[in-house]
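As provided, target.cif (mmCIF, C-alpha atoms) reads as follows.
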data_run
loop_
_atom_site.label_atom_id
_atom_site.label_comp_id
_atom_site.auth_asym_id
_atom_site.auth_seq_id
_atom_site.Cartn_x
_atom_site.Cartn_y
_atom_site.Cartn_z
CA MET F 6 -54.53 -34.11 -116.87
CA THR F 7 -53.29 -37.67 -116.33
CA ALA F 8 -54.02 -39.14 -112.91
CA GLN F 9 -50.91 -40.01 -110.92
CA PRO F 10 -50.52 -43.43 -109.27
CA PHE F 11 -50.70 -43.53 -105.50
CA VAL F 12 -47.33 -44.13 -103.88
CA PRO F 13 -47.60 -44.92 -100.16
CA PRO F 14 -45.53 -42.52 -98.06
CA PRO F 15 -43.06 -43.95 -95.55
CA TYR F 16 -44.93 -45.40 -92.59
CA PRO F 17 -44.36 -42.91 -89.75
CA TYR F 18 -42.83 -45.30 -87.25
CA ASP F 19 -40.47 -46.78 -89.85
CA ARG F 20 -38.79 -43.37 -89.84
CA LEU F 21 -37.52 -44.12 -86.32
CA ASP F 22 -35.20 -46.91 -87.46
CA ALA F 23 -32.11 -44.69 -87.37
CA LEU F 24 -32.91 -43.58 -83.82
CA ALA F 25 -33.50 -47.19 -82.79
CA THR F 26 -29.90 -47.92 -83.77
CA PHE F 27 -28.66 -45.37 -81.26
CA ALA F 28 -31.03 -46.60 -78.55
CA ALA F 29 -30.08 -50.25 -79.04
CA LYS F 30 -26.47 -49.54 -78.01
CA HIS F 31 -27.55 -49.22 -74.39
CA ASP F 32 -27.24 -52.17 -72.06
CA GLY F 33 -30.78 -53.52 -71.79
CA GLY F 34 -31.74 -52.41 -75.29
CA VAL F 35 -34.41 -50.07 -76.60
CA ILE F 36 -37.12 -48.67 -74.34
CA ASP F 37 -39.90 -48.15 -76.86
CA LEU F 38 -42.19 -45.26 -75.92
CA SER F 39 -43.08 -44.45 -79.52
CA ILE F 40 -46.05 -46.65 -80.40
CA GLY F 41 -49.12 -46.84 -78.15
CA THR F 42 -49.14 -50.62 -77.91
CA PRO F 43 -50.19 -51.94 -74.48
CA CYS F 44 -47.68 -54.04 -72.53
CA ASP F 45 -49.85 -55.21 -69.65
CA ALA F 46 -51.59 -58.58 -69.65
CA PRO F 47 -55.31 -58.96 -70.34
CA THR F 48 -57.32 -60.70 -67.65
CA PRO F 49 -57.15 -64.51 -67.42
CA ALA F 50 -60.90 -64.71 -68.13
CA VAL F 51 -60.44 -62.87 -71.43
CA VAL F 52 -57.58 -65.15 -72.45
CA ALA F 53 -59.64 -68.21 -71.50
CA ALA F 54 -62.51 -66.98 -73.67
CA LEU F 55 -60.22 -66.93 -76.70
CA SER F 56 -59.70 -70.67 -76.47
CA SER F 57 -63.08 -71.94 -75.28
CA SER F 58 -65.79 -70.28 -77.37
CA ASN F 59 -65.95 -72.99 -80.08
CA THR F 60 -66.52 -70.22 -82.63
CA GLU F 61 -63.36 -70.79 -84.66
CA ARG F 62 -64.98 -73.26 -87.06
CA GLY F 63 -67.60 -71.10 -88.74
CA TYR F 64 -67.75 -67.65 -90.23
CA PRO F 65 -68.45 -64.98 -87.62
CA ALA F 66 -71.16 -62.40 -88.09
CA SER F 67 -69.74 -59.30 -89.76
CA ILE F 68 -71.98 -57.02 -87.70
CA GLY F 69 -70.82 -58.74 -84.51
CA SER F 70 -72.43 -61.49 -82.50
CA ALA F 71 -75.56 -60.74 -80.50
CA PRO F 72 -73.65 -61.18 -77.21
CA LEU F 73 -70.92 -58.75 -78.33
CA ARG F 74 -73.34 -56.05 -79.41
CA SER F 75 -75.40 -56.52 -76.26
CA ALA F 76 -72.25 -56.24 -74.15
CA ALA F 77 -71.36 -53.02 -75.97
CA SER F 78 -74.83 -51.61 -75.35
CA GLU F 79 -74.70 -52.52 -71.67
CA TRP F 80 -71.23 -51.01 -71.31
CA MET F 81 -72.44 -47.71 -72.78
CA ARG F 82 -75.39 -47.77 -70.39
CA ARG F 83 -73.09 -48.24 -67.39
CA ARG F 84 -70.37 -45.89 -68.61
CA PHE F 85 -72.39 -43.03 -70.08
CA ALA F 86 -75.98 -43.58 -68.86
CA ILE F 87 -77.31 -43.83 -72.43
CA ASP F 88 -79.44 -46.43 -74.20
CA VAL F 89 -78.19 -47.34 -77.66
CA PRO F 90 -80.27 -50.00 -79.44
CA VAL F 91 -78.30 -53.14 -80.29
CA THR F 92 -79.47 -52.71 -83.90
CA GLN F 93 -77.46 -49.47 -84.02
CA ILE F 94 -74.19 -51.12 -82.94
CA ALA F 95 -71.81 -53.17 -85.08
CA ALA F 96 -68.35 -54.67 -84.77
CA CYS F 97 -65.20 -53.71 -86.66
CA VAL F 98 -61.74 -55.25 -86.94
CA GLY F 99 -60.07 -52.81 -84.57
CA SER F 100 -60.62 -49.07 -84.80
CA LYS F 101 -57.79 -48.30 -87.25
CA GLU F 102 -59.38 -50.41 -89.98
CA PHE F 103 -62.63 -48.51 -89.53
CA VAL F 104 -60.90 -45.12 -89.64
CA ALA F 105 -59.01 -46.03 -92.80
CA SER F 106 -61.88 -47.65 -94.70
CA THR F 107 -64.98 -45.64 -93.80
CA PRO F 108 -64.34 -42.62 -96.10
CA GLN F 109 -64.55 -44.80 -99.20
CA TYR F 110 -67.88 -46.23 -98.06
CA MET F 111 -69.25 -42.81 -97.21
CA LYS F 112 -68.17 -41.57 -100.62
CA LEU F 113 -70.18 -44.38 -102.23
CA ARG F 114 -73.15 -43.26 -100.14
CA ARG F 115 -72.73 -39.59 -101.13
CA PRO F 116 -70.85 -39.42 -104.47
CA ASP F 117 -71.67 -35.70 -104.70
CA ARG F 118 -69.31 -35.00 -101.80
CA ASP F 119 -65.54 -35.45 -101.71
CA THR F 120 -64.07 -33.97 -98.53
CA VAL F 121 -63.02 -35.50 -95.21
CA LEU F 122 -62.50 -33.05 -92.33
CA PHE F 123 -60.19 -34.07 -89.49
CA PRO F 124 -58.12 -32.48 -86.69
CA ALA F 125 -55.00 -30.66 -87.89
CA VAL F 126 -52.93 -32.36 -85.18
CA ALA F 127 -54.08 -35.96 -85.15
CA TYR F 128 -53.59 -39.66 -85.62
CA PRO F 129 -52.34 -39.87 -89.24
CA THR F 130 -54.89 -42.47 -90.36
CA TYR F 131 -57.68 -39.88 -90.58
CA GLU F 132 -55.82 -38.19 -93.43
CA MET F 133 -54.69 -41.48 -94.98
CA GLY F 134 -58.25 -42.84 -94.99
CA ALA F 135 -59.35 -39.80 -97.00
CA THR F 136 -56.43 -40.22 -99.40
CA LEU F 137 -57.12 -43.91 -99.98
CA ALA F 138 -60.75 -43.04 -100.77
CA GLY F 139 -59.67 -40.48 -103.36
CA CYS F 140 -61.08 -37.67 -101.22
CA ARG F 141 -59.83 -34.23 -100.27
CA ALA F 142 -58.27 -34.40 -96.83
CA VAL F 143 -58.88 -31.04 -95.15
CA PRO F 144 -57.39 -30.45 -91.68
CA VAL F 145 -59.41 -28.39 -89.22
CA PRO F 146 -57.32 -25.99 -87.09
CA MET F 147 -57.15 -26.52 -83.34
CA ASN F 148 -58.39 -23.99 -80.79
CA THR F 149 -56.48 -22.89 -77.70
CA SER F 150 -57.83 -25.78 -75.63
CA GLY F 151 -56.71 -28.37 -78.17
CA GLY F 152 -60.15 -29.08 -79.65
CA LEU F 153 -61.45 -28.42 -83.14
CA ASP F 154 -61.94 -24.80 -84.16
CA LEU F 155 -65.21 -25.49 -85.94
CA SER F 156 -65.59 -21.81 -86.86
CA ALA F 157 -62.53 -22.16 -89.10
CA ILE F 158 -64.29 -24.61 -91.44
CA SER F 159 -65.22 -22.69 -94.58
CA ALA F 160 -68.73 -22.84 -95.97
CA ALA F 161 -67.30 -24.32 -99.17
CA ASP F 162 -65.57 -27.16 -97.34
CA ALA F 163 -68.66 -27.84 -95.21
CA ALA F 164 -70.77 -28.09 -98.37
CA ARG F 165 -68.38 -30.69 -99.82
CA ALA F 166 -67.82 -32.64 -96.59
CA LEU F 167 -68.61 -36.34 -96.45
CA MET F 168 -67.73 -36.53 -92.78
CA LEU F 169 -65.97 -34.84 -89.88
CA TRP F 170 -63.64 -36.78 -87.61
CA VAL F 171 -63.25 -35.76 -83.97
CA ASN F 172 -60.96 -37.56 -81.53
CA SER F 173 -61.46 -37.12 -77.78
CA PRO F 174 -59.30 -37.76 -75.81
CA SER F 175 -56.95 -36.80 -78.61
CA ASN F 176 -54.10 -38.86 -79.91
CA PRO F 177 -51.51 -37.33 -79.63
CA THR F 178 -52.36 -34.31 -77.46
CA GLY F 179 -54.69 -35.82 -74.84
CA ALA F 180 -57.06 -32.85 -75.22
CA LEU F 181 -60.77 -33.34 -74.58
CA ASP F 182 -62.95 -31.85 -77.30
CA ASP F 183 -66.39 -30.26 -77.11
CA LEU F 184 -68.41 -33.17 -78.48
CA ALA F 185 -71.72 -31.40 -78.04
CA ALA F 186 -70.49 -28.58 -80.27
CA ALA F 187 -69.22 -31.06 -82.87
CA ALA F 188 -72.59 -32.83 -82.96
CA THR F 189 -74.44 -29.53 -83.29
CA TRP F 190 -72.12 -28.34 -86.08
CA GLY F 191 -72.60 -31.60 -87.98
CA ARG F 192 -76.38 -31.49 -87.78
CA SER F 193 -76.48 -27.81 -88.73
CA ASN F 194 -74.35 -28.46 -91.81
CA GLY F 195 -75.71 -31.87 -92.80
CA VAL F 196 -72.29 -33.49 -92.21
CA PRO F 197 -72.03 -36.83 -90.36
CA VAL F 198 -69.68 -36.61 -87.38
CA PHE F 199 -67.52 -39.63 -86.55
CA SER F 200 -66.13 -39.53 -83.02
CA ASP F 201 -63.10 -41.71 -82.28
CA GLU F 202 -63.29 -42.39 -78.55
CA CYS F 203 -60.82 -45.25 -78.08
CA TYR F 204 -59.11 -43.52 -75.11
CA VAL F 205 -62.30 -42.56 -73.30
CA GLU F 206 -61.59 -44.88 -70.36
CA PHE F 207 -58.45 -42.85 -69.63
CA THR F 208 -59.58 -39.30 -68.95
CA TRP F 209 -57.97 -37.38 -66.12
CA SER F 210 -59.33 -33.81 -66.00
CA ARG F 211 -63.02 -34.72 -66.11
CA LYS F 212 -65.36 -37.65 -66.66
CA GLY F 213 -65.15 -39.43 -70.00
CA GLU F 214 -67.76 -38.53 -72.58
CA THR F 215 -69.21 -39.95 -75.79
CA ILE F 216 -70.76 -37.92 -78.57
CA LEU F 217 -73.79 -40.22 -78.29
CA GLN F 218 -74.72 -38.48 -75.05
CA HIS F 219 -75.79 -35.59 -77.26
CA GLY F 220 -78.15 -37.68 -79.39
CA LEU F 221 -77.67 -40.39 -82.01
CA GLU F 222 -78.84 -38.46 -85.07
CA GLY F 223 -76.05 -37.73 -87.53
CA VAL F 224 -73.24 -39.06 -85.33
CA VAL F 225 -71.27 -42.29 -85.00
CA ALA F 226 -69.01 -43.16 -82.05
CA LEU F 227 -66.08 -45.55 -82.43
CA HIS F 228 -64.81 -47.59 -79.47
CA SER F 229 -61.98 -50.09 -79.12
CA LEU F 230 -60.91 -52.74 -76.65
CA SER F 231 -57.24 -52.41 -77.63
CA LYS F 232 -56.35 -49.81 -75.00
CA ARG F 233 -58.94 -50.32 -72.25
CA SER F 234 -58.44 -54.11 -72.09
CA ASN F 235 -54.89 -54.60 -73.46
CA LEU F 236 -56.23 -56.42 -76.52
CA ALA F 237 -54.54 -54.61 -79.40
CA GLY F 238 -53.51 -57.95 -80.90
CA VAL F 239 -57.06 -59.33 -80.86
CA ARG F 240 -58.62 -56.51 -82.96
CA VAL F 241 -62.03 -55.92 -81.43
CA ALA F 242 -63.84 -52.61 -81.77
CA PHE F 243 -67.36 -51.39 -82.45
CA TYR F 244 -69.18 -48.41 -83.87
CA ALA F 245 -72.60 -47.11 -82.82
CA GLY F 246 -74.95 -44.24 -83.48
CA ASP F 247 -77.14 -42.90 -86.30
CA ARG F 248 -79.45 -45.66 -87.52
CA GLU F 249 -79.23 -44.95 -91.26
CA ILE F 250 -75.43 -44.57 -91.28
CA VAL F 251 -74.82 -47.65 -89.14
CA ASP F 252 -77.23 -49.72 -91.26
CA TYR F 253 -75.49 -48.58 -94.44
CA LEU F 254 -72.02 -49.39 -93.14
CA LYS F 255 -73.17 -52.75 -91.80
CA GLU F 256 -74.45 -53.77 -95.25
CA VAL F 257 -71.40 -52.54 -97.16
CA ARG F 258 -68.98 -54.18 -94.75
CA LYS F 259 -70.78 -57.53 -95.12
CA HIS F 260 -69.92 -57.50 -98.82
CA VAL F 261 -66.29 -56.63 -98.07
CA GLY F 262 -66.00 -59.51 -95.61
CA MET F 263 -64.95 -57.38 -92.63
CA MET F 264 -65.34 -59.89 -89.78
CA VAL F 265 -63.93 -59.89 -86.27
CA PRO F 266 -62.86 -63.52 -85.62
CA GLY F 267 -65.32 -65.47 -83.51
CA PRO F 268 -62.91 -66.19 -80.62
CA ALA F 269 -61.99 -62.49 -80.53
CA GLN F 270 -65.66 -61.55 -80.29
CA ALA F 271 -66.10 -63.99 -77.40
CA ALA F 272 -63.13 -62.42 -75.60
CA GLY F 273 -64.61 -58.99 -76.28
CA VAL F 274 -67.82 -59.94 -74.49
CA VAL F 275 -65.89 -60.91 -71.37
CA ALA F 276 -63.78 -57.73 -71.50
CA LEU F 277 -66.75 -55.38 -71.98
CA ASN F 278 -68.63 -56.97 -69.11
CA ASP F 279 -65.75 -56.38 -66.68
CA ASP F 280 -65.16 -52.81 -65.42
CA ALA F 281 -62.76 -53.74 -62.62
CA HIS F 282 -59.75 -54.43 -64.84
CA VAL F 283 -60.20 -51.05 -66.53
CA ALA F 284 -60.13 -49.26 -63.18
CA THR F 285 -56.88 -51.06 -62.38
CA GLN F 286 -55.39 -50.09 -65.73
CA ARG F 287 -56.37 -46.46 -65.17
CA GLU F 288 -54.29 -46.42 -61.99
CA VAL F 289 -51.34 -47.95 -63.83
CA TYR F 290 -51.36 -45.35 -66.60
CA SER F 291 -51.89 -42.48 -64.19
CA ARG F 292 -48.82 -43.58 -62.24
CA ARG F 293 -46.70 -44.06 -65.36
CA LEU F 294 -47.68 -40.67 -66.77
CA ALA F 295 -46.62 -38.92 -63.58
CA ARG F 296 -43.36 -40.84 -63.24
CA THR F 297 -42.32 -40.49 -66.88
CA ALA F 298 -43.07 -36.76 -66.86
CA GLU F 299 -40.94 -36.42 -63.74
CA ILE F 300 -38.03 -38.29 -65.34
CA LEU F 301 -38.08 -36.38 -68.62
CA SER F 302 -38.62 -33.00 -66.97
CA GLY F 303 -35.64 -33.55 -64.70
CA TRP F 304 -33.40 -34.56 -67.59
CA SER F 305 -34.50 -32.00 -70.17
CA GLY F 306 -35.36 -29.02 -68.01
CA LEU F 307 -38.71 -28.76 -69.77
CA SER F 308 -42.01 -28.34 -67.98
CA ILE F 309 -44.02 -31.43 -68.98
CA SER F 310 -47.64 -31.39 -67.85
CA GLN F 311 -50.13 -34.20 -67.47
CA PRO F 312 -52.62 -34.72 -70.32
CA ALA F 313 -56.36 -34.22 -69.93
CA GLY F 314 -56.83 -37.74 -71.29
CA GLY F 315 -55.08 -40.68 -72.91
CA PHE F 316 -51.73 -42.24 -71.99
CA TYR F 317 -49.41 -39.96 -73.94
CA LEU F 318 -47.26 -37.07 -72.80
CA TRP F 319 -47.35 -34.31 -75.46
CA PHE F 320 -45.10 -31.31 -75.06
CA ASP F 321 -43.19 -28.63 -76.92
CA ALA F 322 -39.55 -29.69 -77.16
CA GLY F 323 -38.45 -26.95 -79.55
CA ASP F 324 -37.65 -29.45 -82.29
CA GLY F 325 -39.29 -32.85 -82.09
CA TRP F 326 -36.66 -34.78 -84.04
CA SER F 327 -33.72 -33.23 -82.18
CA PHE F 328 -35.29 -34.10 -78.83
CA ALA F 329 -36.07 -37.66 -79.99
CA GLU F 330 -32.50 -38.21 -81.17
CA ARG F 331 -30.99 -36.86 -77.96
CA LEU F 332 -33.25 -39.10 -75.86
CA ALA F 333 -32.35 -42.14 -77.99
CA ARG F 334 -28.63 -41.44 -77.55
CA ASP F 335 -28.72 -40.52 -73.86
CA GLY F 336 -31.50 -42.75 -72.57
CA GLY F 337 -31.94 -45.49 -75.17
CA ALA F 338 -35.63 -44.60 -75.50
CA LEU F 339 -37.69 -44.11 -78.63
CA VAL F 340 -40.41 -41.45 -78.72
CA SER F 341 -42.48 -40.04 -81.58
CA PRO F 342 -41.56 -36.67 -83.12
CA GLY F 343 -44.66 -34.52 -83.35
CA ASP F 344 -44.63 -34.11 -87.12
CA PHE F 345 -46.00 -37.66 -87.34
CA TYR F 346 -49.31 -36.06 -86.37
CA GLY F 347 -49.31 -33.09 -88.72
CA ALA F 348 -47.11 -30.12 -89.51
CA GLY F 349 -48.55 -28.28 -86.52
CA GLY F 350 -46.84 -30.73 -84.19
CA ALA F 351 -43.29 -30.32 -85.55
CA ASN F 352 -41.99 -28.77 -82.33
CA ASN F 353 -43.59 -31.42 -80.16
CA VAL F 354 -42.90 -34.92 -78.95
CA ARG F 355 -45.33 -37.71 -78.04
CA VAL F 356 -44.30 -40.16 -75.33
CA ALA F 357 -46.42 -43.31 -74.89
CA VAL F 358 -46.19 -44.61 -71.31
CA VAL F 359 -46.71 -48.20 -72.39
CA GLN F 360 -43.58 -49.81 -70.99
CA PRO F 361 -43.55 -51.73 -67.69
CA ASP F 362 -42.54 -49.82 -64.60
CA ASP F 363 -39.11 -51.47 -64.47
CA ARG F 364 -38.32 -50.24 -68.00
CA ILE F 365 -39.40 -46.72 -67.08
CA GLU F 366 -37.09 -46.90 -64.04
CA LEU F 367 -34.30 -48.11 -66.34
CA LEU F 368 -34.79 -44.93 -68.35
CA ALA F 369 -34.50 -42.90 -65.15
CA LYS F 370 -31.24 -44.69 -64.29
CA ARG F 371 -29.77 -44.00 -67.74
CA LEU F 372 -30.68 -40.32 -67.64
CA ARG F 373 -29.32 -39.58 -64.16
#
Would you mind writing the file's structure down as structure tokens?
Amino acid sequence: MTAQPFVPPPYPYDRLDALATFAAKHDGGVIDLSIGTPCDAPTPAVVAALSSSNTERGYPASIGSAPLRSAASEWMRRRFAIDVPVTQIAACVGSKEFVASTPQYMKLRRPDRDTVLFPAVAYPTYEMGATLAGCRAVPVPMNTSGGLDLSAISAADAARALMLWVNSPSNPTGALDDLAAAATWGRSNGVPVFSDECYVEFTWSRKGETILQHGLEGVVALHSLSKRSNLAGVRVAFYAGDREIVDYLKEVRKHVGMMVPGPAQAAGVVALNDDAHVATQREVYSRRLARTAEILSGWSGLSISQPAGGFYLWFDAGDGWSFAERLARDGGALVSPGDFYGAGGANNVRVAVVQPDDRIELLAKRLR
């Protein structure tokens, strides 16, 4: 059978262009609640670090500078009370790049395996990363609490699995998964578990958790400064965990030339060493979640609850696209239909509370 060429599917958010046309007709323009891109300013010290590190002239270390990796280690010690050796931490060019590229590297490491397991309702890059690596992308059903139903993974899929992705807090649902159970399942089945924890600073129902609190063997945690420090445009993230896996990825990524720019690494050090600005940002997102839920509930008549984590509202709207179109027409706001995150989310809508307070109040005014 002849192999078929890969044709990229439409990028999910490009599918909102028609709805943006409706929203743009409102005085004041589109209120974009579709993409989780931060709107608040990073701290002045972080911005200053971008222009004063004198690191722009030379090639940065692919694994991350010593100060960046040390700052990451110290942050995990403060945040989670764990000690992760600096040698088991490395930088990546934002978390999305790591999610999309890691399956191909893991497949090189284990050519006898061909399957990537990921949450059935999830950030679409988990599936796309598997596809780009030429792997089988196998979604894992969700349990009633919104976490992975690990018991639903067949023995055949487990035997073929290169890796299992878990995302807690979840994008889009905000659910907090059982990371201890995921780590145990991975070790029992000989499957590395990769835990995407980029929203861990924004957990509401209980304290934030990393999979590394349950041991480093067989697991890798992924963290990003994009959300916690409003640095999505700077592209600073890091991964940490199992020594052999981290060492392997560090070496492969050197050959690929994956390097966080030196000034960005310097800014990352400042951001990781400062917990105060994250506490402030937590208060901002908590307030915006509550206010936006109040506005949309009052307009739609739906009961919209607060998430367990993250800065997204995720709720059953009956038909995600119909709700999104009605909101674009009536309120001039863009939100993400749930089928962006898997067929299981088709009835849902994701609302990112990433607009300034005055724009959220403008939405309230339009919907009155």
Spell out the residues picked by the PyMOL selection byres ((chain F and resi 31) around 9) here, as a PDB file with C-alpha atoms, keeping the file's coordinate frame.
ATOM      1  CA  PHE F  27     -28.660 -45.370 -81.260  1.00  0.00           C
ATOM      2  CA  ALA F  28     -31.030 -46.600 -78.550  1.00  0.00           C
ATOM      3  CA  ALA F  29     -30.080 -50.250 -79.040  1.00  0.00           C
ATOM      4  CA  LYS F  30     -26.470 -49.540 -78.010  1.00  0.00           C
ATOM      5  CA  ASP F  32     -27.240 -52.170 -72.060  1.00  0.00           C
ATOM      6  CA  GLY F  33     -30.780 -53.520 -71.790  1.00  0.00           C
ATOM      7  CA  GLY F  34     -31.740 -52.410 -75.290  1.00  0.00           C
ATOM      8  CA  VAL F  35     -34.410 -50.070 -76.600  1.00  0.00           C
ATOM      9  CA  ARG F 334     -28.630 -41.440 -77.550  1.00  0.00           C
ATOM     10  CA  ASP F 335     -28.720 -40.520 -73.860  1.00  0.00           C
ATOM     11  CA  GLY F 336     -31.500 -42.750 -72.570  1.00  0.00           C
ATOM     12  CA  GLY F 337     -31.940 -45.490 -75.170  1.00  0.00           C
ATOM     13  CA  ARG F 371     -29.770 -44.000 -67.740  1.00  0.00           C
TER      14      ARG F 371
END
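Residues in contact range of Asn194 of chain F, defined as at most 9 Å between all atoms listed in the file, with sequence neighbours fewer than 2 positions away removed, read Ala160, Ala163, Ala164, Thr189, Trp190, Gly191, Arg192, Val196 and Pro197 of chain F.
Closest to Lys112 of chain F among F:Ala269, F:Leu307, F:Ala313, F:Met168 is F:Met168, based on all atoms listed in the file.
Checking F:Pro17, F:Pro174, F:Gly323, F:Gly69 one by one against Cys203 of chain F, counting only C-alpha atoms, you find the shortest gap at F:Pro174.
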List, as a VMD selection string, every residue that the PyMOL selection byres ((chain F and resi 276) around 12) selects in the file provided.
chain F and resid 47 to 55 72 to 73 76 to 77 80 229 to 236 239 241 to 242 269 to 275 277 to 283
Each residue of segment 144-187 of chain F lying at most 10 Å from segment 216-227 of chain F should get a row with its shortest atom-to-atom pair and the distance in Å to one decimal, counting all atoms listed in the file; could you produce that, ordered by chain and increasing number, as a Markdown table?
| residue | atom | partner | partner_atom | distance |
| --- | --- | --- | --- | --- |
| F:Met168 | CA | F:Val224 | CA | 9.6 |
| F:Leu169 | CA | F:Val224 | CA | 9.6 |
| F:Trp170 | CA | F:Val225 | CA | 9.8 |
| F:Val171 | CA | F:Ile216 | CA | 9.5 |
| F:Asn172 | CA | F:Leu227 | CA | 9.5 |
| F:Ser173 | CA | F:Ile216 | CA | 9.4 |
| F:Asp182 | CA | F:Ile216 | CA | 10.0 |
| F:Asp183 | CA | F:Ile216 | CA | 8.9 |
| F:Leu184 | CA | F:Ile216 | CA | 5.3 |
| F:Ala185 | CA | F:His219 | CA | 5.9 |
| F:Ala186 | CA | F:His219 | CA | 9.3 |
| F:Ala187 | CA | F:Ile216 | CA | 8.2 |
Selection above as a file: C-alpha atoms, as a compact mmCIF listing (two decimals), keeping the file's coordinate frame:
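Saved as result-v6.txt:
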# COMPACT_ATOMS: atom_id res chain seq x y z
CA MET F 168 -67.73 -36.53 -92.78
CA LEU F 169 -65.97 -34.84 -89.88
CA TRP F 170 -63.64 -36.78 -87.61
CA VAL F 171 -63.25 -35.76 -83.97
CA ASN F 172 -60.96 -37.56 -81.53
CA SER F 173 -61.46 -37.12 -77.78
CA ASP F 182 -62.95 -31.85 -77.30
CA ASP F 183 -66.39 -30.26 -77.11
CA LEU F 184 -68.41 -33.17 -78.48
CA ALA F 185 -71.72 -31.40 -78.04
CA ALA F 186 -70.49 -28.58 -80.27
CA ALA F 187 -69.22 -31.06 -82.87
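By only C-alpha atoms, and with residues fewer than 3 positions from Asp162 of chain F along its chain excluded, the set lying at most 9 Å from it is Thr120, Val121, Leu122, Val143, Ile158, Ser159, Arg165 and Ala166 of chain F.
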Given the point (-54.1, -24.0, -80.6) in the file's coordinates, find the residues that have an atom at most 12 Å from it, counting only C-alpha atoms, and give them as a PyMOL selection string. chain F and resi 124-126+145-154+178+180+349-350
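Put simply, the PyMOL selection byres ((chain F and resi 311) around 10) on this file hits Gly179, Trp209, Ser210, Ser291, Leu294, Ala295, Ala298, Ile309, Ser310, Pro312, Ala313, Gly314, Gly315, Phe316, Tyr317, Leu318, Trp319 and Phe320 of chain F.
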Selected residues written out with C-alpha atoms, as a compact mmCIF listing (two decimals), in the frame of the given file:
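Output contents, as saved in part-v2.txt:
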# COMPACT_ATOMS: atom_id res chain seq x y z
CA GLY F 179 -54.69 -35.82 -74.84
CA TRP F 209 -57.97 -37.38 -66.12
CA SER F 210 -59.33 -33.81 -66.00
CA SER F 291 -51.89 -42.48 -64.19
CA LEU F 294 -47.68 -40.67 -66.77
CA ALA F 295 -46.62 -38.92 -63.58
CA ALA F 298 -43.07 -36.76 -66.86
CA ILE F 309 -44.02 -31.43 -68.98
CA SER F 310 -47.64 -31.39 -67.85
CA PRO F 312 -52.62 -34.72 -70.32
CA ALA F 313 -56.36 -34.22 -69.93
CA GLY F 314 -56.83 -37.74 -71.29
CA GLY F 315 -55.08 -40.68 -72.91
CA PHE F 316 -51.73 -42.24 -71.99
CA TYR F 317 -49.41 -39.96 -73.94
CA LEU F 318 -47.26 -37.07 -72.80
CA TRP F 319 -47.35 -34.31 -75.46
CA PHE F 320 -45.10 -31.31 -75.06
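Here atom CA of Ile36 of chain F stands at a distance of 4.5 Å from atom CA of Ala338 of chain F.
Nearest residue to Ser75 of chain F among F:Leu155, F:Ala245, F:Ala322, F:Met263 is F:Ala245, counting only C-alpha atoms.
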### Message
List the spatial neighbours of Pro14 of chain F as a VMD selection string - criterion: any atom at most 12 Å away, only C-alpha atoms, same-chain residues fewer than 6 positions off excluded.
### Response
chain F and resid 20 129 133 136 to 137 345
re atom CA of Asp362 of chain F and atom CA of Gly325 of chain F: distance 24.6 Å
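Atom CA of Arg296 of chain F is found 21.5 Å from atom CA of Val205 of chain F.
Nearest residue to Val104 of chain F, choosing from F:Asp252, F:Asp201, F:Glu330, F:Glu79 and counting all atoms listed in the file: F:Asp201.
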Of F:Gly267, F:Tyr204, F:Ala284, F:Cys97, the one sitting nearest Asn59 of chain F when using all atoms listed in the file is F:Gly267
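The nearest approach to Pro108 of chain F among the residues F:Ala8, F:Ala135, F:Leu254, F:Cys44, with all atoms listed in the file taken into account, belongs to F:Ala135.
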Coordinates of segment 148-156 of chain F, N, CA and C atoms, as an mmCIF file, in the first residue's frame:
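Result went into decode.cif, see below:
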data_model
loop_
_atom_site.group_PDB
_atom_site.id
_atom_site.type_symbol
_atom_site.label_atom_id
_atom_site.label_comp_id
_atom_site.auth_asym_id
_atom_site.auth_seq_id
_atom_site.Cartn_x
_atom_site.Cartn_y
_atom_site.Cartn_z
ATOM 1 N N ASN F 148 -12.301 9.825 33.005
ATOM 2 C CA ASN F 148 -13.187 9.306 34.041
ATOM 3 C C ASN F 148 -14.165 10.402 34.493
ATOM 4 N N THR F 149 -14.998 10.096 35.449
ATOM 5 C CA THR F 149 -16.042 11.036 35.843
ATOM 6 C C THR F 149 -15.502 12.317 36.477
ATOM 7 N N SER F 150 -14.279 12.281 36.986
ATOM 8 C CA SER F 150 -13.688 13.474 37.584
ATOM 9 C C SER F 150 -12.860 14.274 36.594
ATOM 10 N N GLY F 151 -12.822 13.829 35.336
ATOM 11 C CA GLY F 151 -12.096 14.561 34.307
ATOM 12 C C GLY F 151 -10.665 14.133 34.119
ATOM 13 N N GLY F 152 -10.201 13.138 34.882
ATOM 14 C CA GLY F 152 -8.842 12.620 34.712
ATOM 15 C C GLY F 152 -8.816 11.443 33.759
ATOM 16 N N LEU F 153 -7.642 10.879 33.571
ATOM 17 C CA LEU F 153 -7.495 9.734 32.675
ATOM 18 C C LEU F 153 -8.091 8.471 33.298
ATOM 19 N N ASP F 154 -8.840 7.735 32.504
ATOM 20 C CA ASP F 154 -9.313 6.420 32.925
ATOM 21 C C ASP F 154 -8.251 5.408 32.499
ATOM 22 N N LEU F 155 -7.249 5.246 33.340
ATOM 23 C CA LEU F 155 -6.114 4.392 32.995
ATOM 24 C C LEU F 155 -6.527 2.936 32.796
ATOM 25 N N SER F 156 -7.612 2.522 33.434
ATOM 26 C CA SER F 156 -8.076 1.142 33.284
ATOM 27 C C SER F 156 -8.598 0.861 31.888
#
